[in-house]
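Engineer: Pasting in a structure now, in structure tokens, and then I'll have a few things to ask.
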Amino acid sequence: MKLTISEAAAACGYKSRSVIYRLQQSGMLRDYEAGRVGRNRLLESDPPGRCTLRDHIAACVQLRHDSPLGQRHGLASPIAEMTDDQLAAYCDEHLGEAALAAAIAPINEWIDAQRQEPEWERIAARLNAFLGAWSAPPWTAGEVNTLALCLEMAQEAG
């Protein structure tokens, strides 16, 4: 169907034509132009082989929380229509302890895997290989720094 700029703006839910004019001036609506009738520019709302004009405009603009294109299907939120008892049951199902535990389980497994005790025998062998002949304590500040660096390197390699 061919629409004027005003009709296209209204079909997209806009109160003003400025968004449509801005998109047209930037060339983003060339595939949807359908000529003129007098001074009115026409846009095709559903050209063959293309998505609808409304979907194309939604893809071209940044959707905001109050954008009319944000409600693309015109469906109200199912949560808004729930009774208090239904909402409580929904929250228990999706936000309850069991749902939270199931969602966090992979994270906890990863954290536990990161906490594994290092293999100190192998780390000690690598540290001794890095240090070679090393004097007994007391150490200087430079030797302590070297020891800390070697310990870290041996643990990372381990």
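Residues are referred to by chain and number: the chain letter is A, B, ... according to the order shown in the structure tokens, the number counts from 1 in that chain, and ligands are numbered separately from 1 in the order shown.
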Let's see if you can do this: from backbone DSSP, list all strand (DSSP E) residues in chain A, as a ChimeraX atom specification.
Structural biologist: /A:2-4,33-37,40-44
Engineer: Just list the residues in chain A DSSP gives helix (DSSP H, G or I) on the backbone, as a PyMOL selection string.
Structural biologist: chain A and resi 5-12+18-25+30-32+53-60+68-70+84-95+97-114+120-131+141-157
Engineer: Tell me, as a compact mmCIF listing (two decimals) with N, CA, C and O atoms, in the first residue's frame, which residues lie within 8 Å of Ala8 (chain A), counting only C-alpha atoms; anything in the same chain fewer than 6 positions away does not count.
Structural biologist:
```
# COMPACT_ATOMS: atom_id res chain seq x y z
N ILE A 20 10.63 10.26 9.81
CA ILE A 20 10.50 9.74 8.45
C ILE A 20 11.23 10.66 7.47
O ILE A 20 11.97 10.18 6.59
N LEU A 43 5.43 6.47 0.01
CA LEU A 43 6.28 5.35 0.41
C LEU A 43 5.46 4.08 0.33
O LEU A 43 4.28 4.06 0.67
N SER A 45 4.42 0.62 1.74
CA SER A 45 4.44 0.05 3.09
C SER A 45 4.91 -1.40 3.12
O SER A 45 5.46 -1.85 4.11
```
Engineer: Pick the closest to Asn40 (chain A) from A:Val19, A:Ile5, A:Gln24, A:Arg64: which is it, counting only C-alpha atoms?
Structural biologist: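 Of A:Val19, A:Ile5, A:Gln24, A:Arg64, the one nearest Asn40 (chain A) is A:Ile5, counting only C-alpha atoms.
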Engineer: Let me make sure I understand: among A:Glu7, A:Asp112, A:Glu97, A:Asp66, which one has the smallest atom-to-atom distance to Arg54 (chain A) if we use only C-alpha atoms?
Structural biologist: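 Of A:Glu7, A:Asp112, A:Glu97, A:Asp66, the one nearest Arg54 (chain A) is A:Glu7, counting only C-alpha atoms.
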Engineer: Can you work out the spacing between CA of Ala148 (chain A) and CA of Ile123 (chain A) in Å, to one decimal?
Structural biologist: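 Interatomic distance here is 12.6 Å.
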Engineer: Nearest residue to Asp31 (chain A) out of A:Leu87, A:Ala125, A:Ala10, A:Leu53, using only C-alpha atoms?
Structural biologist: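 Among A:Leu87, A:Ala125, A:Ala10, A:Leu53, it is A:Leu53 that comes nearest to Asp31 (chain A).
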Engineer: Write out as a list in words which residues come within 9 Å of Gln155 (chain A) when counting only C-alpha atoms, dropping same-chain ones fewer than 4 positions away.
Structural biologist: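 Listed by chain and then number, they are Pro118, Glu119, Trp120, Arg122, Ile123, Arg126, Leu127, Cys150 and Leu151 of chain A.
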Engineer: Kindly export the residues of the current selection with all heavy atoms, as an mmCIF file, in the first residue's frame.
Structural biologist:
```cif
data_model
loop_
_atom_site.group_PDB
_atom_site.id
_atom_site.type_symbol
_atom_site.label_atom_id
_atom_site.label_comp_id
_atom_site.auth_asym_id
_atom_site.auth_seq_id
_atom_site.Cartn_x
_atom_site.Cartn_y
_atom_site.Cartn_z
ATOM 1 N N PRO A 118 47.192 -26.045 44.197
ATOM 2 C CA PRO A 118 48.295 -26.229 43.245
ATOM 3 C C PRO A 118 49.137 -27.453 43.600
ATOM 4 O O PRO A 118 49.194 -27.868 44.754
ATOM 5 C CB PRO A 118 49.106 -24.939 43.376
ATOM 6 C CG PRO A 118 48.619 -24.257 44.582
ATOM 7 C CD PRO A 118 47.304 -24.841 44.962
ATOM 8 N N GLU A 119 49.810 -27.997 42.609
ATOM 9 C CA GLU A 119 50.683 -29.149 42.815
ATOM 10 C C GLU A 119 52.043 -28.629 43.264
ATOM 11 O O GLU A 119 52.898 -28.276 42.462
ATOM 12 C CB GLU A 119 50.802 -29.952 41.531
ATOM 13 C CG GLU A 119 49.471 -30.533 41.074
ATOM 14 C CD GLU A 119 49.603 -31.291 39.773
ATOM 15 O OE1 GLU A 119 50.705 -31.792 39.467
ATOM 16 O OE2 GLU A 119 48.585 -31.376 39.075
ATOM 17 N N TRP A 120 52.238 -28.608 44.595
ATOM 18 C CA TRP A 120 53.417 -27.974 45.162
ATOM 19 C C TRP A 120 54.715 -28.696 44.813
ATOM 20 O O TRP A 120 55.763 -28.059 44.691
ATOM 21 C CB TRP A 120 53.266 -27.836 46.671
ATOM 22 C CG TRP A 120 52.244 -26.793 47.026
ATOM 23 C CD1 TRP A 120 51.030 -26.993 47.585
ATOM 24 C CD2 TRP A 120 52.346 -25.384 46.795
ATOM 25 N NE1 TRP A 120 50.358 -25.799 47.733
ATOM 26 C CE2 TRP A 120 51.160 -24.792 47.247
ATOM 27 C CE3 TRP A 120 53.321 -24.559 46.246
ATOM 28 C CZ2 TRP A 120 50.916 -23.428 47.176
ATOM 29 C CZ3 TRP A 120 53.084 -23.195 46.183
ATOM 30 C CH2 TRP A 120 51.896 -22.644 46.650
ATOM 31 N N ARG A 122 55.535 -30.161 41.959
ATOM 32 C CA ARG A 122 55.943 -29.731 40.627
ATOM 33 C C ARG A 122 56.388 -28.259 40.650
ATOM 34 O O ARG A 122 57.365 -27.893 40.009
ATOM 35 C CB ARG A 122 54.793 -29.904 39.631
ATOM 36 C CG ARG A 122 55.270 -29.623 38.222
ATOM 37 C CD ARG A 122 54.259 -29.735 37.131
ATOM 38 N NE ARG A 122 53.208 -30.689 37.347
ATOM 39 C CZ ARG A 122 52.061 -30.660 36.680
ATOM 40 N NH1 ARG A 122 51.839 -29.723 35.797
ATOM 41 N NH2 ARG A 122 51.127 -31.554 36.894
ATOM 42 N N ILE A 123 55.682 -27.436 41.419
ATOM 43 C CA ILE A 123 56.047 -26.019 41.525
ATOM 44 C C ILE A 123 57.429 -25.887 42.167
ATOM 45 O O ILE A 123 58.259 -25.091 41.724
ATOM 46 C CB ILE A 123 54.977 -25.237 42.323
ATOM 47 C CG1 ILE A 123 53.684 -25.175 41.504
ATOM 48 C CG2 ILE A 123 55.464 -23.841 42.668
ATOM 49 C CD1 ILE A 123 52.496 -24.610 42.254
ATOM 50 N N ARG A 126 60.122 -26.762 39.627
ATOM 51 C CA ARG A 126 60.330 -25.689 38.648
ATOM 52 C C ARG A 126 61.018 -24.481 39.289
ATOM 53 O O ARG A 126 61.855 -23.840 38.669
ATOM 54 C CB ARG A 126 59.008 -25.273 38.026
ATOM 55 C CG ARG A 126 58.487 -26.324 37.078
ATOM 56 C CD ARG A 126 57.192 -25.903 36.452
ATOM 57 N NE ARG A 126 56.616 -27.075 35.805
ATOM 58 C CZ ARG A 126 56.218 -27.098 34.555
ATOM 59 N NH1 ARG A 126 56.300 -26.032 33.840
ATOM 60 N NH2 ARG A 126 55.715 -28.194 34.061
ATOM 61 N N LEU A 127 60.640 -24.169 40.510
ATOM 62 C CA LEU A 127 61.261 -23.040 41.212
ATOM 63 C C LEU A 127 62.752 -23.292 41.396
ATOM 64 O O LEU A 127 63.579 -22.412 41.150
ATOM 65 C CB LEU A 127 60.585 -22.818 42.563
ATOM 66 C CG LEU A 127 61.155 -21.703 43.424
ATOM 67 C CD1 LEU A 127 60.995 -20.356 42.747
ATOM 68 C CD2 LEU A 127 60.501 -21.699 44.789
ATOM 69 N N CYS A 150 59.790 -15.781 40.638
ATOM 70 C CA CYS A 150 60.002 -17.184 40.250
ATOM 71 C C CYS A 150 58.872 -18.072 40.749
ATOM 72 O O CYS A 150 58.443 -18.995 40.056
ATOM 73 C CB CYS A 150 61.353 -17.676 40.774
ATOM 74 S SG CYS A 150 62.755 -16.951 39.906
ATOM 75 N N LEU A 151 58.386 -17.825 41.968
ATOM 76 C CA LEU A 151 57.242 -18.581 42.490
ATOM 77 C C LEU A 151 56.024 -18.408 41.594
ATOM 78 O O LEU A 151 55.316 -19.371 41.263
ATOM 79 C CB LEU A 151 56.907 -18.137 43.916
ATOM 80 C CG LEU A 151 57.532 -18.943 45.027
ATOM 81 C CD1 LEU A 151 57.287 -18.257 46.362
ATOM 82 C CD2 LEU A 151 56.999 -20.353 45.044
#
```
Engineer: Please report the interatomic distance between CA of Leu131 (chain A) and CA of Gln116 (chain A) in Å with one decimal.
Structural biologist: 25.6 Å
Engineer: Which residues, written as JSON, numbers by chain, have at least one atom at most 10 Å from Thr146 (chain A), with only C-alpha atoms counted and residues fewer than 6 positions away on the same chain left out?
Structural biologist: {"A": [130, 131, 140, 152]}
Engineer: Env of Leu42 (chain A): 6 Å cut, atoms = only C-alpha atoms, seq-sep filter 5 positions within chain, self excluded. Answer as number ranges by chain.
Structural biologist: A: 2-4, 34-36
Engineer: Please, could you write that set of residues out with N, CA and C atoms as an mmCIF file, in the first residue's frame?
Structural biologist:
```cif
data_model
loop_
_atom_site.group_PDB
_atom_site.id
_atom_site.type_symbol
_atom_site.label_atom_id
_atom_site.label_comp_id
_atom_site.auth_asym_id
_atom_site.auth_seq_id
_atom_site.Cartn_x
_atom_site.Cartn_y
_atom_site.Cartn_z
ATOM 1 N N LYS A 2 0.498 2.246 -0.744
ATOM 2 C CA LYS A 2 1.270 3.482 -0.814
ATOM 3 C C LYS A 2 0.767 4.452 0.246
ATOM 4 N N LEU A 3 1.733 5.027 0.976
ATOM 5 C CA LEU A 3 1.420 5.927 2.074
ATOM 6 C C LEU A 3 2.142 7.252 1.881
ATOM 7 N N THR A 4 1.513 8.322 2.317
ATOM 8 C CA THR A 4 2.211 9.596 2.378
ATOM 9 C C THR A 4 3.136 9.568 3.590
ATOM 10 N N ALA A 34 7.845 5.453 -3.604
ATOM 11 C CA ALA A 34 6.889 5.022 -4.635
ATOM 12 C C ALA A 34 6.388 6.207 -5.450
ATOM 13 N N GLY A 35 7.181 7.255 -5.548
ATOM 14 C CA GLY A 35 6.810 8.394 -6.378
ATOM 15 C C GLY A 35 6.179 9.514 -5.580
ATOM 16 N N ARG A 36 5.413 10.357 -6.333
ATOM 17 C CA ARG A 36 4.768 11.524 -5.738
ATOM 18 C C ARG A 36 3.346 11.637 -6.251
#
```
Engineer: What lies within 8 Å of Leu23 (chain A) using only C-alpha atoms, ignoring chain neighbours under 5 positions off, as a list in words?
Structural biologist: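 Listed by chain and then number, they are Met28, Leu29 and Cys60 of chain A.
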Engineer: Print the selection's residues with all heavy atoms to a file, as a compact mmCIF listing (two decimals), in the first residue's frame.
Structural biologist:
```txt
# COMPACT_ATOMS: atom_id res chain seq x y z
N MET A 28 17.91 6.48 3.43
CA MET A 28 17.64 5.15 3.98
C MET A 28 16.29 4.58 3.54
O MET A 28 16.02 3.41 3.78
CB MET A 28 17.74 5.19 5.50
CG MET A 28 19.13 5.59 5.96
SD MET A 28 19.30 5.59 7.73
CE MET A 28 19.90 3.94 7.95
N LEU A 29 15.46 5.39 2.92
CA LEU A 29 14.14 4.91 2.49
C LEU A 29 14.02 4.84 0.97
O LEU A 29 12.92 4.75 0.44
CB LEU A 29 13.04 5.82 3.07
CG LEU A 29 12.94 5.87 4.58
CD1 LEU A 29 11.82 6.79 5.02
CD2 LEU A 29 12.72 4.48 5.16
N CYS A 60 16.43 1.01 11.35
CA CYS A 60 17.25 2.18 11.05
C CYS A 60 17.40 3.14 12.22
O CYS A 60 18.34 3.93 12.26
CB CYS A 60 16.65 2.96 9.87
SG CYS A 60 16.75 2.08 8.31
```
